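Undergrad: Shown below is the structure under consideration.
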Amino acid sequence: LKKMSLHSPDAFWSAAFVRHKGVFTNEEQVKLRNSTVAIAGLGAVGGTVFLGLVRSGVGSFTITDFDDFEVSNFNRQAGSRADTLGSKKVSVLVEEALRINPFLKIKTISDGLNSRTIDEFLHGANLVIDAMDFFAYRERLELLTMCRRKNMYVVTSGNTGFGASLLV
């Protein structure tokens, strides 16, 4: 990647995602660039999904997580390292995402998903990803209920041990 590509969003997008041709059409790549994905939870599932979507060319995100990185996260969570111990997952992952694509638009909510933050979290989203902890029953019910009211798609993946489920 030439340094000059970093001066223009259009040049960057053309160079950074050129190898998606054959996977995505030009129209689909433009749609990804102009889409907003809202991700609730940035742990083992959410952090990996977030960075994967950044590398796929999604241009805008709303992310939320209330948690800090701790030692027990090292074995499975994107952004979890000795130098990020005790840091907010939201802050670490935003920094990582902007290192990949400095032209991203990222709205953050650092106190997690709750009744006070859900409207802001969903505002402008084209797709919602529920990557919250398996036991976040109340928050998940509120999210799914609100998304149903707003006719929004939600992808949820509950990790259980070394397995996972995927629901849309």
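FYI, nothing fancy with the structure tokens labels: chains A, B, ... in order, residues from 1 per chain, ligands from 1 as they appear.
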For range 44-46 of chain A, list every protein, DNA or RNA residue within 6 Å, evaluated using only C-alpha atoms, and leave out those in the same chain fewer than 5 positions away; present the list as a list in words.
TA: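 Once the nearby chain positions are removed, what remains is Arg76, Gln77 and Ala131 of chain A.
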Undergrad: Check range 4-144 of chain A with DSSP on the backbone and list each residue it calls helix (DSSP H, G or I), as a PyMOL selection string.
TA: chain A and resi 4-7+9-16+18-20+26-33+44-56+71-73+82-84+89-100+118-122+137-144
Undergrad: Can I get the selected residues back with C-alpha atoms, as a PDB file, in the first residue's frame?
TA:
```
ATOM      1  CA  MET A   4      -0.337   8.362  -0.663  1.00  0.00           C
ATOM      2  CA  SER A   5      -3.383   6.068  -0.366  1.00  0.00           C
ATOM      3  CA  LEU A   6      -3.712   7.231   3.225  1.00  0.00           C
ATOM      4  CA  HIS A   7      -4.406  10.811   2.132  1.00  0.00           C
ATOM      5  CA  PRO A   9     -10.488   7.877   1.523  1.00  0.00           C
ATOM      6  CA  ASP A  10     -11.370   6.821  -2.029  1.00  0.00           C
ATOM      7  CA  ALA A  11      -7.787   5.867  -2.886  1.00  0.00           C
ATOM      8  CA  PHE A  12      -7.496   3.988   0.390  1.00  0.00           C
ATOM      9  CA  TRP A  13     -10.708   2.017  -0.161  1.00  0.00           C
ATOM     10  CA  SER A  14      -9.690   1.134  -3.720  1.00  0.00           C
ATOM     11  CA  ALA A  15      -6.282  -0.130  -2.640  1.00  0.00           C
ATOM     12  CA  ALA A  16      -7.215  -1.755   0.676  1.00  0.00           C
ATOM     13  CA  VAL A  18      -9.142  -4.588  -4.151  1.00  0.00           C
ATOM     14  CA  ARG A  19      -8.630  -8.276  -3.329  1.00  0.00           C
ATOM     15  CA  HIS A  20     -12.294  -8.655  -2.426  1.00  0.00           C
ATOM     16  CA  ASN A  26     -18.143  -3.383  -6.808  1.00  0.00           C
ATOM     17  CA  GLU A  27     -21.722  -2.500  -5.835  1.00  0.00           C
ATOM     18  CA  GLU A  28     -21.576  -4.776  -2.788  1.00  0.00           C
ATOM     19  CA  GLN A  29     -18.252  -3.292  -1.726  1.00  0.00           C
ATOM     20  CA  VAL A  30     -19.751   0.213  -1.948  1.00  0.00           C
ATOM     21  CA  LYS A  31     -22.722  -1.008   0.088  1.00  0.00           C
ATOM     22  CA  LEU A  32     -20.362  -2.335   2.791  1.00  0.00           C
ATOM     23  CA  ARG A  33     -18.474   0.957   2.843  1.00  0.00           C
ATOM     24  CA  ALA A  44     -14.275 -13.382  22.233  1.00  0.00           C
ATOM     25  CA  VAL A  45     -16.977 -13.214  19.547  1.00  0.00           C
ATOM     26  CA  GLY A  46     -17.603  -9.459  19.228  1.00  0.00           C
ATOM     27  CA  GLY A  47     -13.984  -8.304  19.071  1.00  0.00           C
ATOM     28  CA  THR A  48     -13.116 -10.833  16.389  1.00  0.00           C
ATOM     29  CA  VAL A  49     -16.252 -10.049  14.378  1.00  0.00           C
ATOM     30  CA  PHE A  50     -15.602  -6.304  14.656  1.00  0.00           C
ATOM     31  CA  LEU A  51     -12.044  -6.521  13.311  1.00  0.00           C
ATOM     32  CA  GLY A  52     -13.141  -8.987  10.622  1.00  0.00           C
ATOM     33  CA  LEU A  53     -15.821  -6.579   9.411  1.00  0.00           C
ATOM     34  CA  VAL A  54     -13.303  -3.721   9.472  1.00  0.00           C
ATOM     35  CA  ARG A  55     -11.079  -5.806   7.172  1.00  0.00           C
ATOM     36  CA  SER A  56     -14.108  -6.602   4.987  1.00  0.00           C
ATOM     37  CA  VAL A  71      -5.773 -11.804  32.280  1.00  0.00           C
ATOM     38  CA  SER A  72      -8.437 -14.452  31.651  1.00  0.00           C
ATOM     39  CA  ASN A  73      -9.155 -12.809  28.252  1.00  0.00           C
ATOM     40  CA  ALA A  82      -0.263  -7.613  28.550  1.00  0.00           C
ATOM     41  CA  ASP A  83      -0.094  -3.933  27.561  1.00  0.00           C
ATOM     42  CA  THR A  84      -3.935  -3.618  27.427  1.00  0.00           C
ATOM     43  CA  LYS A  89     -12.247  -3.097  25.451  1.00  0.00           C
ATOM     44  CA  VAL A  90     -14.017  -0.359  23.465  1.00  0.00           C
ATOM     45  CA  SER A  91     -10.945   1.936  23.524  1.00  0.00           C
ATOM     46  CA  VAL A  92      -8.437  -0.787  22.632  1.00  0.00           C
ATOM     47  CA  LEU A  93     -10.494  -2.144  19.752  1.00  0.00           C
ATOM     48  CA  VAL A  94     -11.225   1.311  18.314  1.00  0.00           C
ATOM     49  CA  GLU A  95      -7.488   1.989  18.257  1.00  0.00           C
ATOM     50  CA  GLU A  96      -6.833  -1.357  16.565  1.00  0.00           C
ATOM     51  CA  ALA A  97      -9.587  -0.789  13.985  1.00  0.00           C
ATOM     52  CA  LEU A  98      -8.279   2.674  13.115  1.00  0.00           C
ATOM     53  CA  ARG A  99      -4.812   1.205  12.601  1.00  0.00           C
ATOM     54  CA  ILE A 100      -6.389  -1.014   9.947  1.00  0.00           C
ATOM     55  CA  ILE A 118     -30.205   1.151  23.349  1.00  0.00           C
ATOM     56  CA  ASP A 119     -31.729   3.898  21.157  1.00  0.00           C
ATOM     57  CA  GLU A 120     -28.330   5.505  20.568  1.00  0.00           C
ATOM     58  CA  PHE A 121     -26.841   2.076  19.891  1.00  0.00           C
ATOM     59  CA  LEU A 122     -29.402   1.206  17.206  1.00  0.00           C
ATOM     60  CA  TYR A 137     -30.439 -12.288  29.408  1.00  0.00           C
ATOM     61  CA  ARG A 138     -32.129  -8.992  30.249  1.00  0.00           C
ATOM     62  CA  GLU A 139     -29.994  -6.946  27.853  1.00  0.00           C
ATOM     63  CA  ARG A 140     -30.432  -9.492  25.052  1.00  0.00           C
ATOM     64  CA  LEU A 141     -34.217  -9.591  25.490  1.00  0.00           C
ATOM     65  CA  GLU A 142     -34.376  -5.790  25.381  1.00  0.00           C
ATOM     66  CA  LEU A 143     -32.146  -5.690  22.279  1.00  0.00           C
ATOM     67  CA  LEU A 144     -34.093  -8.359  20.398  1.00  0.00           C
TER      68      LEU A 144
END
```
Undergrad: Leaving out Asp65 in chain A and any residue of its chain fewer than 3 positions from it, which residues lie within 8 Å of it when counting only C-alpha atoms, given as a list of chain:residue names?
TA: A:Ala40, A:Gly41, A:Leu42, A:Lys89, A:Val90, A:Ile109, A:Ser110, A:Asp111, A:Gly112, A:Leu113
Undergrad: Enter the distance from CA of Met132 in chain A to CA of Gly59 in chain A, in Å, rounded to one decimal.
TA: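 Atom-to-atom, CA of Met132 in chain A to CA of Gly59 in chain A, that is 22.1 Å.
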Undergrad: Please determine, counting only C-alpha atoms, which residue among A:Phe17, A:Phe74, A:Phe135, A:Phe69 has the shortest atom-to-atom distance to Gly86 in chain A.
TA: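 Of the candidates, the smallest distance to Gly86 in chain A is held by A:Phe69.
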Undergrad: Quick one: of A:Val23, A:Leu167, A:Leu85, A:Ile106, who's nearest to Ser60 in chain A, counting only C-alpha atoms?
TA: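 Nearest to Ser60 in chain A: A:Ile106.
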Undergrad: Can you work out the spacing between CA of Gly43 in chain A and CA of Thr62 in chain A in Å, to one decimal?
TA: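 Separation between CA of Gly43 in chain A and CA of Thr62 in chain A: 15.1 Å.
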Undergrad: Pull the strand (DSSP E or B) assignments for range 4-147 of chain A out of DSSP run on the backbone, and list those residues as a PyMOL selection string.
TA: chain A and resi 21+24+36-40+60-64+68+88+105-109+127-130
Undergrad: Can you write just those residues out, N, CA, C and O atoms, as a JSON list (two decimals), in the first residue's frame?
TA:
```json
[["chain", "number", "residue", "atom", "x", "y", "z"],
["A", 21, "LYS", "N", -12.46, -8.44, -4.84],
["A", 21, "LYS", "CA", -13.10, -8.68, -6.13],
["A", 21, "LYS", "C", -13.21, -10.19, -6.34],
["A", 21, "LYS", "O", -12.27, -10.93, -6.11],
["A", 24, "PHE", "N", -16.92, -10.00, -3.47],
["A", 24, "PHE", "CA", -17.96, -8.97, -3.51],
["A", 24, "PHE", "C", -17.90, -8.27, -4.85],
["A", 24, "PHE", "O", -16.81, -8.03, -5.39],
["A", 36, "THR", "N", -23.59, 0.71, 8.28],
["A", 36, "THR", "CA", -23.26, 0.82, 9.70],
["A", 36, "THR", "C", -23.66, -0.47, 10.39],
["A", 36, "THR", "O", -24.82, -0.90, 10.28],
["A", 37, "VAL", "N", -22.72, -1.08, 11.08],
["A", 37, "VAL", "CA", -22.97, -2.29, 11.85],
["A", 37, "VAL", "C", -22.85, -1.94, 13.33],
["A", 37, "VAL", "O", -21.85, -1.34, 13.74],
["A", 38, "ALA", "N", -23.87, -2.31, 14.09],
["A", 38, "ALA", "CA", -23.86, -2.09, 15.54],
["A", 38, "ALA", "C", -23.50, -3.41, 16.21],
["A", 38, "ALA", "O", -24.15, -4.43, 15.96],
["A", 39, "ILE", "N", -22.47, -3.39, 17.05],
["A", 39, "ILE", "CA", -22.00, -4.61, 17.72],
["A", 39, "ILE", "C", -22.07, -4.41, 19.23],
["A", 39, "ILE", "O", -21.42, -3.53, 19.78],
["A", 40, "ALA", "N", -22.87, -5.26, 19.87],
["A", 40, "ALA", "CA", -23.00, -5.25, 21.33],
["A", 40, "ALA", "C", -22.12, -6.35, 21.90],
["A", 40, "ALA", "O", -22.38, -7.53, 21.68],
["A", 60, "SER", "N", -18.68, 1.95, 8.78],
["A", 60, "SER", "CA", -19.17, 2.66, 9.96],
["A", 60, "SER", "C", -19.67, 1.64, 10.99],
["A", 60, "SER", "O", -20.28, 0.63, 10.64],
["A", 61, "PHE", "N", -19.40, 1.95, 12.26],
["A", 61, "PHE", "CA", -19.77, 1.05, 13.35],
["A", 61, "PHE", "C", -20.30, 1.84, 14.54],
["A", 61, "PHE", "O", -19.89, 2.97, 14.77],
["A", 62, "THR", "N", -21.15, 1.18, 15.29],
["A", 62, "THR", "CA", -21.46, 1.58, 16.65],
["A", 62, "THR", "C", -21.11, 0.37, 17.49],
["A", 62, "THR", "O", -21.59, -0.74, 17.22],
["A", 63, "ILE", "N", -20.25, 0.56, 18.49],
["A", 63, "ILE", "CA", -19.82, -0.57, 19.32],
["A", 63, "ILE", "C", -20.05, -0.23, 20.78],
["A", 63, "ILE", "O", -19.96, 0.92, 21.19],
["A", 64, "THR", "N", -20.34, -1.27, 21.55],
["A", 64, "THR", "CA", -20.54, -1.07, 22.98],
["A", 64, "THR", "C", -20.04, -2.27, 23.76],
["A", 64, "THR", "O", -20.18, -3.42, 23.33],
["A", 68, "ASP", "N", -13.46, -4.17, 30.93],
["A", 68, "ASP", "CA", -12.02, -3.96, 30.74],
["A", 68, "ASP", "C", -11.36, -5.30, 30.46],
["A", 68, "ASP", "O", -11.88, -6.36, 30.86],
["A", 88, "LYS", "N", -10.17, -0.39, 28.76],
["A", 88, "LYS", "CA", -11.51, -0.60, 28.22],
["A", 88, "LYS", "C", -11.43, -1.32, 26.87],
["A", 88, "LYS", "O", -10.65, -0.92, 26.00],
["A", 105, "LYS", "N", -15.70, 5.32, 10.54],
["A", 105, "LYS", "CA", -16.54, 6.11, 11.43],
["A", 105, "LYS", "C", -16.97, 5.15, 12.54],
["A", 105, "LYS", "O", -17.59, 4.12, 12.25],
["A", 106, "ILE", "N", -16.60, 5.47, 13.78],
["A", 106, "ILE", "CA", -16.93, 4.58, 14.89],
["A", 106, "ILE", "C", -17.54, 5.39, 16.02],
["A", 106, "ILE", "O", -16.92, 6.31, 16.55],
["A", 107, "LYS", "N", -18.76, 5.02, 16.37],
["A", 107, "LYS", "CA", -19.42, 5.60, 17.54],
["A", 107, "LYS", "C", -19.29, 4.58, 18.66],
["A", 107, "LYS", "O", -19.53, 3.39, 18.46],
["A", 108, "THR", "N", -18.89, 5.04, 19.84],
["A", 108, "THR", "CA", -18.67, 4.12, 20.96],
["A", 108, "THR", "C", -19.62, 4.42, 22.11],
["A", 108, "THR", "O", -19.97, 5.57, 22.35],
["A", 109, "ILE", "N", -20.00, 3.35, 22.80],
["A", 109, "ILE", "CA", -20.78, 3.45, 24.02],
["A", 109, "ILE", "C", -20.05, 2.59, 25.05],
["A", 109, "ILE", "O", -20.05, 1.37, 24.94],
["A", 127, "LEU", "N", -27.35, -3.28, 10.38],
["A", 127, "LEU", "CA", -27.29, -4.64, 10.90],
["A", 127, "LEU", "C", -26.84, -4.57, 12.35],
["A", 127, "LEU", "O", -26.01, -3.73, 12.70],
["A", 128, "VAL", "N", -27.40, -5.45, 13.17],
["A", 128, "VAL", "CA", -27.04, -5.50, 14.59],
["A", 128, "VAL", "C", -26.43, -6.87, 14.87],
["A", 128, "VAL", "O", -26.94, -7.90, 14.43],
["A", 129, "ILE", "N", -25.33, -6.86, 15.60],
["A", 129, "ILE", "CA", -24.69, -8.10, 16.02],
["A", 129, "ILE", "C", -24.71, -8.16, 17.54],
["A", 129, "ILE", "O", -24.20, -7.28, 18.22],
["A", 130, "ASP", "N", -25.33, -9.21, 18.05],
["A", 130, "ASP", "CA", -25.39, -9.47, 19.48],
["A", 130, "ASP", "C", -24.25, -10.42, 19.82],
["A", 130, "ASP", "O", -24.30, -11.60, 19.51]]
```
